[in-house]
Every structure is written in C-alpha cells, then in structure tokens.
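With mmCIF, C-alpha atoms inside, this is entry16.cif:
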```
data_coords
#
loop_
_atom_site.label_atom_id
_atom_site.label_comp_id
_atom_site.auth_asym_id
_atom_site.auth_seq_id
_atom_site.Cartn_x
_atom_site.Cartn_y
_atom_site.Cartn_z
CA MET A 82 -13.59 34.30 1.21
CA ARG A 83 -14.30 34.09 4.94
CA ARG A 84 -17.35 31.91 4.26
CA LEU A 85 -15.23 29.65 2.01
CA LEU A 86 -12.56 29.25 4.68
CA HIS A 87 -15.24 28.49 7.27
CA SER A 88 -16.78 25.78 5.11
CA LEU A 89 -13.38 24.24 4.44
CA ASN A 90 -12.63 24.24 8.16
CA LYS A 91 -15.86 22.32 8.84
CA ASN A 92 -15.14 19.76 6.12
CA LEU A 93 -13.21 16.97 7.86
CA LEU A 94 -12.18 15.32 4.59
CA LEU A 95 -10.70 18.51 3.15
CA LYS A 96 -8.95 19.33 6.45
CA LEU A 97 -7.52 15.83 6.49
CA ALA A 98 -6.50 16.12 2.82
CA GLY A 99 -4.74 19.41 3.52
CA PHE A 100 -2.77 18.06 6.45
CA ASN A 101 -2.03 14.79 4.68
CA SER A 102 -0.63 16.76 1.74
CA LEU A 103 2.36 17.69 3.94
CA HIS A 104 3.31 14.04 4.13
CA VAL A 105 2.58 13.48 0.46
CA PHE A 106 4.75 16.40 -0.69
CA LEU A 107 7.54 15.17 1.57
CA LYS A 108 7.25 11.66 0.11
CA ILE A 109 7.22 13.05 -3.41
CA GLY A 110 10.33 15.12 -2.73
CA THR A 111 12.28 12.33 -1.05
CA GLY A 112 10.96 9.81 -3.57
CA ALA A 113 12.11 11.99 -6.47
CA LEU A 114 15.61 12.22 -5.03
CA MET A 115 15.69 8.50 -4.31
CA SER A 116 14.47 7.62 -7.81
CA HIS A 117 17.25 9.75 -9.28
CA LEU A 118 19.85 8.07 -7.09
CA LEU A 119 18.55 4.63 -8.06
CA ALA A 120 18.60 5.54 -11.74
CA ILE A 121 22.25 6.60 -11.46
CA TYR A 122 23.63 3.91 -9.15
CA VAL A 123 21.32 0.96 -9.93
CA GLY A 124 20.13 1.47 -13.52
CA ALA A 125 17.04 0.17 -15.31
CA ALA A 126 17.96 -3.51 -14.91
CA GLY A 127 18.64 -3.00 -11.21
CA MET A 128 15.28 -1.26 -10.83
CA GLY A 129 13.62 -4.39 -12.18
CA ILE A 130 15.37 -6.54 -9.56
CA LEU A 131 14.43 -4.04 -6.86
CA GLY A 132 10.82 -4.19 -8.04
CA ASN A 133 10.82 -7.99 -7.72
CA LEU A 134 12.10 -7.81 -4.15
CA ARG A 135 9.63 -5.02 -3.28
CA ASN A 136 6.69 -7.13 -4.49
CA PHE A 137 7.94 -10.12 -2.51
CA VAL A 138 8.49 -8.09 0.65
CA GLN A 139 5.00 -6.57 0.38
CA GLY A 140 3.46 -10.02 0.26
CA VAL A 141 5.57 -11.37 3.11
CA LEU A 142 4.86 -8.37 5.34
CA SER A 143 1.13 -8.76 4.81
CA PHE A 144 1.34 -12.46 5.66
CA SER A 145 3.39 -11.71 8.77
CA VAL A 146 0.46 -9.68 10.17
CA LEU A 147 -2.14 -12.00 8.59
CA GLY A 148 -3.50 -9.04 6.66
CA LEU A 149 -5.25 -7.77 9.79
CA GLU A 150 -4.52 -4.05 9.31
CA ASN A 151 -7.95 -3.13 7.95
CA GLY A 152 -9.67 -5.50 10.36
CA MET A 153 -7.99 -3.86 13.33
CA VAL A 154 -8.82 -0.36 12.11
CA LYS A 155 -12.43 -1.40 11.61
CA HIS A 156 -12.75 -2.97 15.08
CA VAL A 157 -10.98 -0.12 16.87
CA ALA A 158 -13.33 2.39 15.19
CA GLN A 159 -16.36 0.24 16.00
CA PHE A 160 -15.53 -0.71 19.61
CA GLN A 161 -13.58 2.31 20.89
CA GLU A 162 -16.32 2.91 23.48
CA ASN A 163 -16.63 -0.79 24.38
CA ILE A 164 -13.44 -1.31 26.41
CA PRO A 165 -13.79 -5.06 27.19
CA LYS A 166 -14.55 -5.91 23.55
CA LEU A 167 -11.73 -3.70 22.28
CA ARG A 168 -9.27 -5.30 24.70
CA LYS A 169 -10.15 -8.78 23.41
CA VAL A 170 -9.73 -7.73 19.78
CA LEU A 171 -6.38 -6.00 20.28
CA SER A 172 -4.88 -8.75 22.42
CA THR A 173 -6.01 -11.59 20.16
CA ALA A 174 -4.85 -9.81 17.00
CA LYS A 175 -1.45 -9.10 18.54
CA ILE A 176 -0.86 -12.74 19.43
CA LEU A 177 -2.00 -13.96 16.02
CA MET A 178 0.30 -11.55 14.21
CA PHE A 179 3.38 -12.43 16.24
CA ILE A 180 2.82 -16.16 15.65
CA ALA A 181 2.39 -15.58 11.90
CA SER A 182 5.54 -13.42 11.73
CA LEU A 183 7.61 -16.09 13.48
CA VAL A 184 6.35 -18.84 11.16
CA ALA A 185 7.00 -16.72 8.06
CA GLY A 186 10.43 -15.73 9.39
CA ILE A 187 11.49 -19.34 9.92
CA LEU A 188 10.37 -20.38 6.45
CA ILE A 189 12.15 -17.46 4.77
CA PHE A 190 15.33 -18.05 6.78
CA LEU A 191 15.46 -21.69 5.67
CA ALA A 192 14.58 -20.92 2.03
CA ALA A 193 16.98 -17.96 1.70
CA PRO A 194 19.31 -19.47 -0.96
CA TRP A 195 16.38 -20.59 -3.12
CA LEU A 196 14.68 -17.17 -2.83
CA ASP A 197 17.94 -15.52 -3.85
CA GLN A 198 18.04 -17.54 -7.06
CA GLN A 199 14.38 -16.99 -7.90
CA LEU A 200 14.05 -13.26 -7.18
CA ILE A 201 17.50 -11.71 -7.64
CA ALA A 202 19.69 -14.18 -9.54
CA VAL A 203 22.86 -12.12 -9.95
CA ASP A 204 26.48 -13.19 -9.58
CA THR A 205 26.67 -12.01 -5.96
CA SER A 206 24.78 -14.12 -3.39
CA PHE A 207 22.02 -12.30 -1.50
CA ALA A 208 20.91 -15.22 0.67
CA ASN A 209 21.75 -13.21 3.80
CA LEU A 210 19.41 -10.50 2.59
CA PHE A 211 16.45 -12.85 3.04
CA ARG A 212 17.74 -13.99 6.43
CA TRP A 213 17.70 -10.35 7.54
CA LEU A 214 14.16 -10.04 6.22
CA ALA A 215 13.15 -13.03 8.36
CA ILE A 216 14.61 -11.37 11.47
CA CYS A 217 12.83 -8.07 10.75
CA LEU A 218 9.30 -9.47 10.31
CA PRO A 219 8.20 -9.27 14.00
CA PHE A 220 9.05 -5.57 13.98
CA TYR A 221 6.42 -5.01 11.31
CA VAL A 222 3.82 -6.43 13.71
CA VAL A 223 4.68 -3.67 16.18
CA PHE A 224 4.27 -0.99 13.53
CA VAL A 225 0.93 -2.31 12.23
CA PHE A 226 -0.43 -2.69 15.75
CA PHE A 227 0.21 0.91 16.78
CA SER A 228 -0.59 2.49 13.41
CA SER A 229 -3.95 0.64 13.35
CA LEU A 230 -4.77 2.11 16.75
CA LEU A 231 -4.00 5.61 15.54
CA GLN A 232 -6.20 5.18 12.45
CA GLY A 233 -9.03 3.42 14.28
CA PHE A 234 -9.27 6.17 16.90
CA GLN A 235 -9.09 8.69 14.05
CA TRP A 236 -6.03 10.41 15.49
CA TYR A 237 -5.16 11.54 12.01
CA LYS A 238 -2.49 14.10 12.84
CA LYS A 239 -0.56 11.69 15.03
CA PHE A 240 -0.75 9.00 12.37
CA ILE A 241 0.49 11.39 9.69
CA TRP A 242 3.34 12.66 11.89
CA VAL A 243 4.45 9.07 12.53
CA ASN A 244 4.63 8.46 8.79
CA ILE A 245 6.47 11.73 8.20
CA CYS A 246 9.16 10.71 10.71
CA ILE A 247 9.42 7.28 9.10
CA SER A 248 9.73 8.78 5.61
CA VAL A 249 12.57 11.09 6.65
CA LEU A 250 14.53 8.32 8.39
CA VAL A 251 14.03 5.79 5.59
CA PHE A 252 15.08 8.31 2.97
CA GLY A 253 18.24 9.30 4.84
CA ILE A 254 19.33 5.70 5.39
CA SER A 255 18.37 4.68 1.83
CA ALA A 256 20.21 7.57 0.19
CA TYR A 257 23.41 6.81 2.09
CA SER A 258 23.18 3.07 1.39
CA VAL A 259 22.48 3.47 -2.34
CA TYR A 260 25.32 5.99 -2.70
CA GLN A 261 27.79 3.77 -0.84
CA TYR A 262 26.70 0.26 -1.86
CA ASN A 263 24.57 0.68 -5.03
CA LEU A 264 22.12 -2.19 -5.64
CA SER A 265 23.04 -4.14 -2.51
CA GLY A 266 22.46 -1.05 -0.38
CA ALA A 267 19.01 -0.49 -1.88
CA LEU A 268 18.05 -4.13 -1.36
CA TYR A 269 19.17 -4.31 2.26
CA VAL A 270 17.43 -1.08 3.25
CA LEU A 271 14.19 -2.39 1.77
CA VAL A 272 14.16 -5.36 4.14
CA VAL A 273 15.08 -3.43 7.31
CA VAL A 274 12.40 -0.73 6.87
CA PRO A 275 10.06 -2.59 9.33
CA VAL A 276 12.59 -1.99 12.12
CA ILE A 277 12.54 1.76 11.46
CA GLN A 278 8.75 1.77 11.29
CA ALA A 279 8.42 -0.12 14.57
CA MET A 280 10.84 2.12 16.45
CA VAL A 281 9.08 5.33 15.37
CA ALA A 282 5.53 4.02 15.91
CA TRP A 283 6.31 2.55 19.34
CA GLY A 284 8.21 5.63 20.45
CA TRP A 285 5.43 7.98 19.33
CA TRP A 286 2.81 5.85 21.06
CA HIS A 287 4.79 5.37 24.26
CA TRP A 288 5.74 9.01 24.76
CA GLY A 289 3.05 10.84 22.84
CA THR A 290 -0.16 8.87 23.38
CA ALA A 291 -0.23 6.00 25.87
CA LYS A 292 0.69 8.06 28.96
CA THR A 293 -1.82 10.81 28.24
CA THR A 294 -4.77 8.55 27.35
CA GLY A 295 -4.25 5.52 29.58
CA LEU A 296 -4.97 3.35 26.54
CA SER A 297 -2.13 0.98 27.41
CA LYS A 298 -4.41 -0.49 30.10
CA ARG A 299 -6.63 -1.83 27.33
CA ILE A 300 -3.85 -3.98 25.89
CA ASN A 301 -2.95 -7.34 27.43
CA PHE A 302 -2.08 -10.87 26.34
CA SER A 303 -5.50 -12.58 26.48
CA PHE A 304 -6.65 -14.77 23.59
CA ASP A 305 -10.29 -15.12 22.57
CA THR A 306 -11.30 -17.76 20.02
CA THR A 307 -14.53 -15.93 19.14
CA VAL A 308 -12.48 -12.91 18.09
CA VAL A 309 -10.29 -15.18 15.96
CA ARG A 310 -13.33 -16.16 13.89
CA GLN A 311 -14.27 -12.50 13.47
CA LEU A 312 -10.78 -11.56 12.32
CA LEU A 313 -10.35 -14.57 10.04
CA LYS A 314 -12.43 -13.08 7.21
CA TYR A 315 -10.35 -9.89 7.24
CA SER A 316 -7.24 -12.01 7.21
CA LEU A 317 -8.39 -14.04 4.21
CA MET A 318 -9.40 -10.92 2.28
CA ALA A 319 -6.14 -9.09 2.86
CA LEU A 320 -3.86 -12.11 2.47
CA PHE A 321 -5.39 -13.13 -0.84
CA SER A 322 -4.67 -9.69 -2.31
CA ALA A 323 -1.33 -9.25 -0.56
CA LEU A 324 0.02 -12.58 -1.79
CA MET A 325 -1.57 -12.84 -5.23
CA ILE A 326 -1.01 -9.27 -6.46
CA PRO A 327 2.79 -9.29 -5.87
CA LEU A 328 2.99 -12.79 -7.37
CA VAL A 329 1.17 -11.70 -10.53
CA HIS A 330 3.36 -8.58 -10.76
CA ILE A 331 6.49 -10.73 -10.51
CA LEU A 332 5.15 -13.05 -13.25
CA ILE A 333 4.29 -10.09 -15.50
CA ARG A 334 7.68 -8.46 -14.88
CA THR A 335 9.36 -11.75 -15.82
CA MET A 336 7.21 -11.80 -18.96
CA LEU A 337 8.46 -8.30 -19.81
CA MET A 338 12.08 -9.31 -19.26
CA GLU A 339 11.76 -12.38 -21.47
CA GLN A 340 9.64 -10.95 -24.29
CA VAL A 341 10.89 -7.34 -24.38
CA SER A 342 13.99 -6.61 -22.26
CA ASP A 343 15.30 -6.14 -18.74
CA GLU A 344 15.23 -2.38 -19.38
CA ALA A 345 11.49 -2.56 -20.16
CA ALA A 346 10.89 -4.09 -16.73
CA GLY A 347 12.84 -1.19 -15.26
CA TRP A 348 10.72 1.30 -17.22
CA TRP A 349 7.55 -0.23 -15.79
CA GLU A 350 9.07 -0.03 -12.31
CA ALA A 351 9.88 3.65 -12.91
CA VAL A 352 6.31 4.44 -13.99
CA THR A 353 5.00 2.48 -11.00
CA ARG A 354 7.22 4.48 -8.64
CA VAL A 355 5.92 7.77 -10.02
CA SER A 356 2.37 6.45 -9.70
CA SER A 357 2.95 5.46 -6.09
CA TYR A 358 3.89 9.04 -5.16
CA TYR A 359 0.57 10.62 -6.09
CA MET A 360 -1.53 7.53 -5.34
CA MET A 361 -0.27 7.64 -1.77
CA PHE A 362 -2.18 10.89 -1.25
CA VAL A 363 -5.48 9.22 -2.19
CA THR A 364 -5.01 5.77 -0.68
CA SER A 365 -3.99 7.20 2.70
CA LEU A 366 -7.11 9.37 2.72
CA ILE A 367 -9.25 6.33 1.92
CA SER A 368 -7.80 4.27 4.79
CA MET A 369 -7.94 7.16 7.27
CA TYR A 370 -11.36 8.56 6.36
CA VAL A 371 -13.50 6.11 4.39
CA LEU A 372 -12.90 2.90 6.37
CA PRO A 373 -13.54 4.35 9.88
CA SER A 374 -16.65 6.14 8.57
CA LEU A 375 -18.09 3.00 6.98
CA SER A 376 -17.16 0.92 10.04
CA LYS A 377 -19.05 3.17 12.45
CA ASN A 378 -22.16 3.29 10.27
CA SER A 379 -22.74 0.46 7.79
CA SER A 380 -26.05 1.75 6.39
CA ARG A 381 -26.49 2.20 2.65
CA GLY A 382 -27.20 5.88 3.17
CA ASN A 383 -23.89 6.47 4.93
CA TYR A 384 -22.05 4.40 2.32
CA ARG A 385 -23.44 6.53 -0.51
CA SER A 386 -22.86 9.84 1.26
CA THR A 387 -19.30 8.82 2.18
CA ILE A 388 -18.19 7.76 -1.30
CA TRP A 389 -20.03 10.58 -3.10
CA GLY A 390 -18.54 13.07 -0.66
CA PHE A 391 -15.10 11.63 -1.33
CA TYR A 392 -15.60 11.84 -5.10
CA LYS A 393 -16.97 15.39 -4.94
CA ASN A 394 -14.15 16.73 -2.77
CA ILE A 395 -11.15 14.71 -3.92
CA LEU A 396 -11.66 13.63 -7.55
CA PRO A 397 -11.35 17.19 -8.97
CA LEU A 398 -7.96 17.49 -7.25
CA VAL A 399 -7.01 14.06 -8.58
CA ILE A 400 -7.90 15.00 -12.16
CA ILE A 401 -5.84 18.19 -11.97
CA GLY A 402 -2.90 16.25 -10.56
CA LEU A 403 -3.05 13.50 -13.19
CA VAL A 404 -3.25 15.98 -16.05
CA ALA A 405 -0.27 17.86 -14.60
CA VAL A 406 1.75 14.64 -14.35
CA TYR A 407 0.98 13.77 -17.98
CA LEU A 408 1.92 17.23 -19.26
CA CYS A 409 5.15 17.19 -17.23
CA ARG A 410 6.06 13.55 -17.85
CA GLU A 411 9.20 14.37 -19.84
CA TRP A 412 10.46 16.67 -17.08
CA ILE A 413 9.57 14.08 -14.45
CA VAL A 414 11.56 11.34 -16.19
CA ALA A 415 14.48 13.69 -16.84
CA ILE A 416 14.59 14.86 -13.21
CA LEU A 417 13.83 11.59 -11.43
CA PHE A 418 15.73 9.20 -13.68
CA THR A 419 18.22 9.29 -16.54
CA ALA A 420 18.13 9.17 -20.34
CA GLU A 421 18.02 5.37 -20.03
CA PHE A 422 14.40 5.67 -18.86
CA GLU A 423 13.00 7.66 -21.80
CA GLY A 424 11.36 4.44 -22.99
CA ALA A 425 8.90 4.86 -20.09
CA LEU A 426 7.34 8.04 -21.55
CA PRO A 427 4.70 6.34 -23.78
CA MET A 428 3.57 4.26 -20.79
CA PHE A 429 2.35 7.23 -18.74
CA LYS A 430 -0.96 7.86 -20.49
CA TRP A 431 -2.23 4.33 -19.86
CA GLN A 432 -0.96 4.29 -16.27
CA LEU A 433 -2.59 7.63 -15.39
CA VAL A 434 -6.01 6.70 -16.74
CA GLY A 435 -5.73 3.32 -15.03
CA ASP A 436 -4.91 5.02 -11.73
CA PHE A 437 -7.97 7.27 -12.05
CA VAL A 438 -10.25 4.25 -12.47
CA LYS A 439 -8.40 2.52 -9.62
CA ILE A 440 -9.15 5.39 -7.24
CA ILE A 441 -12.87 5.24 -8.07
CA THR A 442 -13.01 1.48 -7.56
CA THR A 443 -10.93 1.43 -4.36
CA VAL A 444 -13.38 3.74 -2.60
CA MET A 445 -16.30 1.60 -3.76
CA ALA A 446 -14.65 -1.68 -2.70
CA PHE A 447 -14.10 -0.58 0.91
CA ARG A 448 -17.76 -1.51 1.41
CA PHE A 449 -16.65 -5.15 1.43
CA ILE A 450 -14.06 -4.56 4.14
CA ALA A 451 -16.37 -2.47 6.33
CA GLN A 452 -19.03 -5.20 6.11
CA ASN A 453 -16.56 -8.07 6.42
CA ASP A 454 -18.02 -9.43 3.17
CA LEU A 455 -15.55 -12.14 2.17
CA ARG A 456 -17.58 -13.60 -0.70
CA ARG A 457 -18.03 -10.42 -2.72
CA TYR A 458 -14.51 -9.22 -1.93
CA LEU A 459 -12.87 -12.41 -3.22
CA THR A 460 -15.12 -12.48 -6.29
CA ALA A 461 -14.02 -8.98 -7.29
CA GLU A 462 -10.34 -9.58 -6.50
CA ILE A 463 -10.11 -12.87 -8.39
CA ILE A 464 -11.64 -11.26 -11.48
CA SER A 465 -9.29 -8.26 -11.21
CA ILE A 466 -6.08 -10.21 -10.67
CA ALA A 467 -6.88 -12.78 -13.34
CA SER A 468 -7.83 -10.10 -15.88
CA PHE A 469 -4.55 -8.22 -15.33
CA TYR A 470 -2.50 -11.34 -16.01
CA ILE A 471 -4.60 -12.40 -19.00
CA PHE A 472 -4.57 -8.93 -20.57
CA SER A 473 -0.80 -8.73 -20.04
CA TRP A 474 -0.33 -12.15 -21.63
CA TYR A 475 -2.01 -10.94 -24.83
CA ALA A 476 -0.94 -7.26 -24.84
CA ILE A 477 2.81 -7.52 -24.15
CA PRO A 478 3.66 -9.54 -27.32
CA VAL A 479 1.70 -7.01 -29.41
CA TYR A 480 2.47 -3.67 -27.73
CA ALA A 481 5.80 -4.51 -26.01
CA GLU A 482 6.40 -2.45 -22.85
CA GLU A 483 3.18 -0.46 -23.36
CA GLY A 484 1.26 -3.72 -23.22
CA VAL A 485 1.63 -3.99 -19.44
CA VAL A 486 0.07 -0.57 -18.76
CA ILE A 487 -2.66 -1.14 -21.36
CA ALA A 488 -3.45 -4.34 -19.46
CA TYR A 489 -3.40 -2.35 -16.20
CA LEU A 490 -6.08 0.03 -17.50
CA ALA A 491 -8.20 -2.76 -19.01
CA ASN A 492 -8.01 -4.64 -15.72
CA TYR A 493 -9.46 -1.76 -13.71
CA ILE A 494 -12.23 -1.15 -16.25
CA VAL A 495 -13.26 -4.79 -15.79
CA TYR A 496 -12.98 -4.37 -12.00
CA PHE A 497 -15.21 -1.28 -12.12
CA VAL A 498 -17.92 -3.12 -14.06
CA CYS A 499 -17.64 -6.03 -11.61
CA LEU A 500 -18.13 -3.68 -8.63
CA LEU A 501 -21.16 -2.03 -10.23
CA ILE A 502 -22.76 -5.47 -10.47
CA LEU A 503 -21.79 -6.62 -6.96
CA LEU A 504 -22.70 -3.30 -5.29
CA ARG A 505 -25.77 -2.42 -7.37
CA LYS A 506 -28.13 -2.58 -4.36
CA ASP A 507 -25.81 -0.60 -2.10
CA LEU A 508 -25.31 2.07 -4.74
CA PHE A 509 -28.71 2.46 -6.36
CA LYS A 510 -31.50 0.94 -4.20
CA ALA A 511 -33.11 2.54 -1.15
#
```
Mind turning this structure into structure tokens?
Amino acid sequence: MRRLLHSLNKNLLLKLAGFNSLHVFLKIGTGALMSHLLAIYVGAAGMGILGNLRNFVQGVLSFSVLGLENGMVKHVAQFQENIPKLRKVLSTAKILMFIASLVAGILIFLAAPWLDQQLIAVDTSFANLFRWLAICLPFYVVFVFFSSLLQGFQWYKKFIWVNICISVLVFGISAYSVYQYNLSGALYVLVVVPVIQAMVAWGWWHWGTAKTTGLSKRINFSFDTTVVRQLLKYSLMALFSALMIPLVHILIRTMLMEQVSDEAAGWWEAVTRVSSYYMMFVTSLISMYVLPSLSKNSSRGNYRSTIWGFYKNILPLVIIGLVAVYLCREWIVAILFTAEFEGALPMFKWQLVGDFVKIITTVMAFRFIAQNDLRRYLTAEIISIASFYIFSWYAIPVYAEEGVVIAYLANYIVYFVCLLILLRKDLFKA
C-alpha cells in the first residue's frame, strides 16, 4: 500500500486528476441542482432555447478572444524562461483580444433585435439580452488572459481554485435568477458569466500570484507584428471550431424541432448537459496536462509517451464512469430533470459511446495545436463537422430524437479514422 501511494504521489497526471476531481464533483453537484431547477421552471422547450443561446454565446466568446486560449497556453509554457519573448506574446495577444471583443460587441449590439428573432423567437423581446452580452465581452478577455497564464505556467492548483470559485458564484446567481425569473433569468445569467469569471480570475491573480512572483512586470502594452503572425494560426484553428460547431449544433437543433418536436430538442440538450459534467473532468485534464507537455517537447517520442500515459492512467477511470452513468441513467434523469425528460433515456447509450471516442480523439488532436499545424487541424475539423451535419440530416428522419446522438457517434468514428491517417507518422513511425 505504501509503495502504491508513493507511486501515485510521483505521478503528476494522477495527482492532477485527483485534485481536479474536487472541481468536477462540485460542478456535477451544482450542475445537477441547476438542471433540476431548469427542468421545473424552464421545461424541455425552454431548455432548447437555452441551448441555442449557449451555442451562440460559446461562438461569440471564442471570437472575442480570437480563439487564442490554446495559443497563449502553448507560448507561456514554451517561453516561460524567455522573459522578453514572453512579454511580447502576452502584450500582443492582449491587445488583439480587446480589439476583437470591441468589434464583436458593437456588431452584436447593433444586431440585437435580429438575433432575438433568430435564436429565441418568443413573445417577449430579448433584444436587451444581446446588448448585455455585447457589454460583457471585454470581461471575457480578462478571464482568458489570466487563466491562460495559470495553465501555461502549470500552476494547476491555482487554476482549479479559480474555477471552483467561479462555479460556486455562477451557481448561486443562476439558481436565484431561475427561481425568480424562470427562462429570462437563465438567459441573462448566461450572458453575464464573463463578468463573474473576470472578477475572480483578476482578483486571484492580483492578490494571490502577481505580488509574490513579480510576473506583472512581464505584461505591458507593446505590439509586435511578428508575434501576430505566430498567433494567427492558433486563432484560425480555434475560431473555425468555435464558430462552426455552435452553428452546426443550432442547425441540427432546429432540424430536431421541425422534424420531431421542441421537446426532442430539449431532450438532446438534457443529455448534452449530463455529458458536459463528466466530460469536464477529462477535457480540463487535457488542457492542463497534455498541451503544456506537448508544447515544451514536440518530439514524436514525447507525443507518444504523453498520449499513451494519458490513456493508461485516465481511460480506465473514464470507462468505469461511463458504465456507471449508463446503468444509473434513469435515476439521473429522475433526479436532474422531470418526467417530461424521460424521452432522453434511449439517447444515452449513443452519447456515452460517442463521448468515449471523443476523449480518445481529443488527446490525439492536440498534436496539431502544439505544433501549430493549421493544415492538418482544419482538414480534420472540416471532416468532423461536415460528417455530424450530414449524418444528422439522414438519421433524424429515420430514428427521430435518437438520430442526433447516432450521428454524434458516427461523426467521432469518422474523426478517429481521419486522425489515424493524418497522424500515422507521429503515432507509428520512429
């Protein structure tokens, strides 16, 4: 037993997974309560509307920071010992992100009535909701800037504690707003989350990190055009996914509403919410552990050892968790939602298998980001996004609400085969 504990203590990935599980369990608990509140006060149709807005906000937030999160993490990990180079990267990225957030904010503010009709389309006008989103965009820049620093310097505990604080605050405000104002409360909280994130991240950095490390001296307002060219590929990679994936999800959700029912769209949103709870455990580990490791050492040997180590240590836990979710799916739906969501039960098996394949492929695909490989990244993403839409187009008329999750699984199988072809040298050749 002592030898086992010693080996676990030396394994950075398992130590990180253990500490990160605190945040994951908190998110699962608060997410379960929030899902139950939404099921009661918003309903299945309202969940579909909320899903549309969530997809739109995800895309807009990514555009407002030009999709530079992974690029910043990669450069901070790579240049943390090269102070002049790091200063240029951080300063240039900060300026680019603030400009992008202002441009996006202005466009959304002017298009607010049209966005209301396209994404929400209920009797009550929510044009002001999109105006508030426009105002909140620059705050997301602040959050991404400081959280990227924490990840790039591999200050894992600080990064996780920041997210724990954010989760608690967002849940408290969301629960009160949903209880008091139903759908409108849920929608408005969704767009002001960047303000909460920025306040917590800046406060933690200012009082818990900057004064003790002197890192604030590395941040200024210089602008370097050579750095812009370096960051542009990361921006194109992230923005393509961040804009196209939410758009395709909105189109597929509309397809579900038209060909099946509004409730079916809500069932898919419910399954997606459950998926997001356990997927958060894995995706956060990938961004905190895999990307910095591959950024510091881009050799094929390190790539193989990193992904195989991740699979060996994490996939057994993932399999146990997915099986447990499937066996407990009826309890999960009963506890998190209401009887109105029982139609989501047959969708779980396809979603869970699809998520397992997604985890495998996500770890593999981080090779593209670590190497700043725009061509292979876009090739894989275009195939994946297009296949999801095409499979949904054919599967939904035949299998109704289950068609969307069947398409989800088929999409990631295609993506996996695509990655094996694109990464065959990195994976199998010396």
Query raised in the report: Hey, what's within 10 Å of segment 480-491 of chain A if we count all atoms listed in the file and toss same-chain stuff fewer than 4 positions away? As an NGL selection string, please?
Result: :A and (330 or 333-334 or 336-338 or 340-342 or 344-346 or 348-349 or 352-353 or 424-439 or 465-466 or 468-476 or 495-497)
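For the file at hand, the PyMOL selection byres ((chain A and resi 136-138) around 8) resolves to Gly132, Asn133, Leu134, Arg135, Gln139, Gly140, Val141, Leu142, Val272, Pro327, Leu328, His330 and Ile331 of chain A.
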Counting only C-alpha atoms, the option among A:Tyr384, A:Phe220, A:Phe211, A:Trp412 closest to Phe447 of chain A: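 Ranking A:Tyr384, A:Phe220, A:Phe211, A:Trp412 by distance to Phe447 of chain A, first place goes to A:Tyr384.
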Need the axis-aligned box for segment 345-364 of chain A with 8 Å each side, so what are the centre and edges in Å to one decimal, as AutoDock Vina command-line options?
```
--center_x 3.7 --center_y 3.4 --center_z -10.4 --size_x 34.3 --size_y 31.0 --size_z 35.5
```
Check: Ser248 of chain A: which residues within 9 Å, counting all atoms listed in the file, same-chain residues fewer than 3 positions away excluded, as a PyMOL selection string?
Finding: chain A and resi 104+107-108+111+243-245+251-253
From atom CA of Thr335 of chain A to atom CA of Leu200 of chain A the spacing works out at 9.9 Å
Please enumerate the residues selected by the PyMOL selection byres ((chain A and resi 187) around 12) when evaluated against the supplied file, formatted as number ranges by chain. A: 145, 180-186, 188-193, 211-219
Find the residue from A:Gln261, A:Ser143, A:Asn492, A:Gln235 that sits nearest to Lys377 of chain A; use all atoms listed in the file when measuring.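 The closest residue to Lys377 of chain A is A:Gln235.
Using only C-alpha atoms for every distance, the candidate list A:Ala174, A:Leu504, A:Leu366, A:Ala267 yields A:Leu366 as the residue closest to Ser102 of chain A.
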Do you have, as a Markdown table, the list of residues of segment 376-484 of chain A lying at most 12 Å from segment 153-156 of chain A, each with its nearest atom pair and that distance in Å to one decimal, counting all atoms listed in the file and ordered by chain then number?
```
| residue | atom | partner | partner_atom | distance |
| --- | --- | --- | --- | --- |
| A:Ser376 | CA | A:Lys155 | CA | 5.5 |
| A:Lys377 | CA | A:Lys155 | CA | 8.1 |
| A:Asn378 | CA | A:Lys155 | CA | 10.9 |
| A:Ser379 | CA | A:Lys155 | CA | 11.2 |
| A:Phe447 | CA | A:Lys155 | CA | 10.9 |
| A:Arg448 | CA | A:Lys155 | CA | 11.5 |
| A:Phe449 | CA | A:Lys155 | CA | 11.6 |
| A:Ile450 | CA | A:Lys155 | CA | 8.3 |
| A:Ala451 | CA | A:Lys155 | CA | 6.7 |
| A:Gln452 | CA | A:Lys155 | CA | 9.4 |
| A:Asn453 | CA | A:Lys155 | CA | 9.4 |
```
Exercise. Write out as a PyMOL selection string which residues come within 8 Å of Ile109 of chain A when counting only C-alpha atoms, dropping same-chain ones fewer than 3 positions away.
Key: chain A and resi 105-106+112-113+358-359
**Closest of A:Phe418, A:Phe144, A:Trp285, A:Tyr122 to Lys238 of chain A - atom-to-atom distances counting all atoms listed in the file** =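 For Lys238 of chain A, the nearest of the candidates is A:Trp285.
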Task: Coordinates-based distance that separates atom CA of Val270 of chain A from atom CA of Ser258 of chain A (Å, one decimal) - done: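 Separation of atom CA of Ser258 of chain A and atom CA of Val270 of chain A: 7.3 Å.
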task = Given the file shown, determine the residues that the PyMOL selection byres ((chain A and resi 236) around 12) selects; report them as number ranges by chain.
result = A: 97, 154, 157-158, 227-235, 237-243, 286, 289-290, 369-370, 373
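Nearest to Thr173 of chain A of all the residues A:Val308, A:Ile201, A:Leu196, A:Met445 is A:Val308, based on all atoms listed in the file.
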**Q.** Separation of atom CA of Asp343 of chain A from atom CA of Phe207 of chain A, in Å and rounded to one decimal
**A.**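 A separation of 19.5 Å between them.
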Checklist line | For segment 392-399 of chain A: contacts at 10 Å, only C-alpha atoms, fewer than 4 positions along chain excluded, given as a VMD selection string | finding: chain A and resid 92 94 to 95 98 359 to 360 362 to 363 366 386 to 388 403 to 405 436 to 437 440 to 441 444
inquiry  = Around (17.9, 4.6, -18.9), as given in the file, which residues come within 8 Å? Count all atoms listed in the file and list them as a PyMOL selection string.
reply    = chain A and resi 120+124-125+344+418-424
